[in-house]
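Worksheet for the structure shown next.
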Amino acid sequence: MKFSSKGFTFLELIIVLVILGIMSSIVFVRVGRSVTSKRPRLFVQEMVRLCRKARRLAIADGMVSTFYISSDERKCWVSSQQPLEIPAEIKVEGEGVRELDNGMFGIRFFPDGSSSGGSLFISRGDNFLYAFRVDMLTGLIMPVEKSENGH
């Protein structure tokens, strides 16, 4: 008796679908972890970008520009720009950053390029992520090495 195979059996199709389901769930979990781990790094990049923008605005417009951080609202922004939400797992600490109002902190940038100065330290739980310093004389935003800040 000869059997001719011109297709797949139902069992073969089920096995292939189960294998595809397992593989896609593994990929989904890995992609989800990757996005979650990139979120703090993207926040840090946006925060530094906002500081640099405040400096550029001060120089270009010839007026004082301020980078604001609200500890109560967990946001940071420059003038009328869309605020950047500080993720719940992120902790932002400042050193030499002036308190402008109750729970409102800021680094001011002046038309000559200088600033009020200060350092910001960003961490996630107990893990140090990034720190940067705004120079008072030049207003330049520079990274701070982990060993320099004691965090």
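Ordering of the structure tokens sets the chain letters (A, B, ...), residue numbers begin anew at 1 in every chain, and ligands are numbered from 1 in the order given.
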**Message:** Quick one: residues within 10 Å of stretch 127-131 of chain A, only C-alpha atoms, excluding same-chain residues fewer than 5 positions away - as a VMD selection string?
**Reply:** chain A and resid 40 to 41 44 to 45 48 90 to 94 119 to 122 142 to 146 148 to 149 151
Those residues you just picked out, can you put them in a file as a short mmCIF file (atom, residue, chain, number, x, y, z; two decimals), in the first residue's frame with N, CA and C atoms?
```cif
data_model
loop_
_atom_site.label_atom_id
_atom_site.label_comp_id
_atom_site.auth_asym_id
_atom_site.auth_seq_id
_atom_site.Cartn_x
_atom_site.Cartn_y
_atom_site.Cartn_z
N PRO A 40 14.99 54.92 30.94
CA PRO A 40 15.78 55.87 31.74
C PRO A 40 16.86 56.59 30.92
N ARG A 41 17.51 55.86 30.02
CA ARG A 41 18.55 56.47 29.19
C ARG A 41 17.96 57.53 28.26
N VAL A 44 17.24 60.67 30.33
CA VAL A 44 18.47 61.43 30.60
C VAL A 44 18.87 62.24 29.37
N GLN A 45 18.81 61.64 28.20
CA GLN A 45 19.16 62.35 26.97
C GLN A 45 18.24 63.54 26.74
N VAL A 48 19.12 66.44 29.30
CA VAL A 48 20.32 67.16 28.88
C VAL A 48 20.01 68.04 27.68
N ILE A 90 12.63 57.07 38.45
CA ILE A 90 13.82 57.92 38.34
C ILE A 90 13.87 58.91 39.50
N LYS A 91 15.07 59.07 40.06
CA LYS A 91 15.29 60.06 41.13
C LYS A 91 16.28 61.09 40.59
N VAL A 92 15.89 62.36 40.70
CA VAL A 92 16.75 63.47 40.26
C VAL A 92 17.13 64.27 41.50
N GLU A 93 18.44 64.41 41.72
CA GLU A 93 18.95 65.20 42.83
C GLU A 93 19.81 66.31 42.28
N GLY A 94 19.80 67.43 42.96
CA GLY A 94 20.59 68.57 42.51
C GLY A 94 21.56 69.03 43.56
N SER A 119 24.66 71.08 39.53
CA SER A 119 24.84 69.70 39.06
C SER A 119 23.56 68.92 39.30
N LEU A 120 23.26 68.01 38.39
CA LEU A 120 22.10 67.13 38.53
C LEU A 120 22.57 65.68 38.47
N PHE A 121 22.03 64.87 39.39
CA PHE A 121 22.38 63.47 39.50
C PHE A 121 21.12 62.65 39.30
N ILE A 122 21.16 61.73 38.33
CA ILE A 122 20.00 60.94 37.99
C ILE A 122 20.28 59.49 38.34
N MET A 142 28.24 69.56 31.06
CA MET A 142 29.29 68.56 30.97
C MET A 142 28.97 67.36 31.85
N PRO A 143 29.25 66.16 31.36
CA PRO A 143 29.02 64.97 32.19
C PRO A 143 29.96 64.96 33.39
N VAL A 144 29.50 64.38 34.48
CA VAL A 144 30.29 64.24 35.69
C VAL A 144 30.56 62.76 35.89
N GLU A 145 31.80 62.41 36.13
CA GLU A 145 32.16 61.02 36.37
C GLU A 145 31.56 60.55 37.68
N LYS A 146 31.21 59.28 37.76
CA LYS A 146 30.58 58.72 38.94
C LYS A 146 31.44 58.95 40.20
N GLU A 148 33.39 61.41 40.85
CA GLU A 148 33.47 62.83 41.21
C GLU A 148 32.31 63.28 42.06
N ASN A 149 31.15 62.64 41.89
CA ASN A 149 29.95 63.15 42.56
C ASN A 149 29.60 62.47 43.87
N HIS A 151 27.97 59.87 44.37
CA HIS A 151 26.70 59.14 44.32
C HIS A 151 26.91 57.72 43.85
#
```
**Request:** Please provide the set of residues having any atom within 12 Å of A:Leu57, restricted to only C-alpha atoms, with same-chain residues fewer than 6 positions apart removed, written as a PyMOL selection string.
**Result:** chain A and resi 50-51+63-67+78-81+108-113
Take the selection from the previous step and output its residues with C-alpha atoms, as a PDB file, in the first residue's frame.
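Output (again_23.pdb):
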```
ATOM      1  CA  LEU A  50      16.408  70.595  27.411  1.00  0.00           C
ATOM      2  CA  CYS A  51      19.269  72.177  29.383  1.00  0.00           C
ATOM      3  CA  MET A  63      17.111  87.103  27.416  1.00  0.00           C
ATOM      4  CA  VAL A  64      17.410  84.938  30.517  1.00  0.00           C
ATOM      5  CA  SER A  65      16.159  81.404  29.907  1.00  0.00           C
ATOM      6  CA  THR A  66      15.471  78.880  32.658  1.00  0.00           C
ATOM      7  CA  PHE A  67      15.527  75.102  32.818  1.00  0.00           C
ATOM      8  CA  VAL A  78      12.119  75.158  29.326  1.00  0.00           C
ATOM      9  CA  SER A  79       9.827  78.214  28.971  1.00  0.00           C
ATOM     10  CA  SER A  80       6.610  77.335  27.124  1.00  0.00           C
ATOM     11  CA  GLN A  81       7.911  74.029  25.756  1.00  0.00           C
ATOM     12  CA  ARG A 108      19.161  80.029  34.702  1.00  0.00           C
ATOM     13  CA  PHE A 109      21.059  80.714  31.498  1.00  0.00           C
ATOM     14  CA  PHE A 110      22.091  84.259  30.607  1.00  0.00           C
ATOM     15  CA  PRO A 111      22.543  85.949  27.187  1.00  0.00           C
ATOM     16  CA  ASP A 112      26.340  86.034  27.577  1.00  0.00           C
ATOM     17  CA  GLY A 113      26.380  82.203  27.784  1.00  0.00           C
TER      18      GLY A 113
END
```
**Asked** Quick one: residues within 8 Å of A:Arg74, only C-alpha atoms counted, chain neighbours fewer than 5 positions away excluded, as an MDAnalysis selection string?
**Response** chainID A and resid 69 85:87
**Request:** Per DSSP on the backbone, filter stretch 53-86 of chain A down to the residues in alpha helix (DSSP H) and report them as a PyMOL selection string.
**Result:** chain A and resi 53-61
**DSSP strand (DSSP E) residues within chain A, as a ChimeraX atom specification** = /A:65-70,75-78,84-85,90-95,98-101,104-109,118-124,127-134,141-143
**From A:Lys75, A:Tyr68, A:Ala88, A:Arg55, residue lying nearest A:Leu100 [only C-alpha atoms]** = A:Tyr68
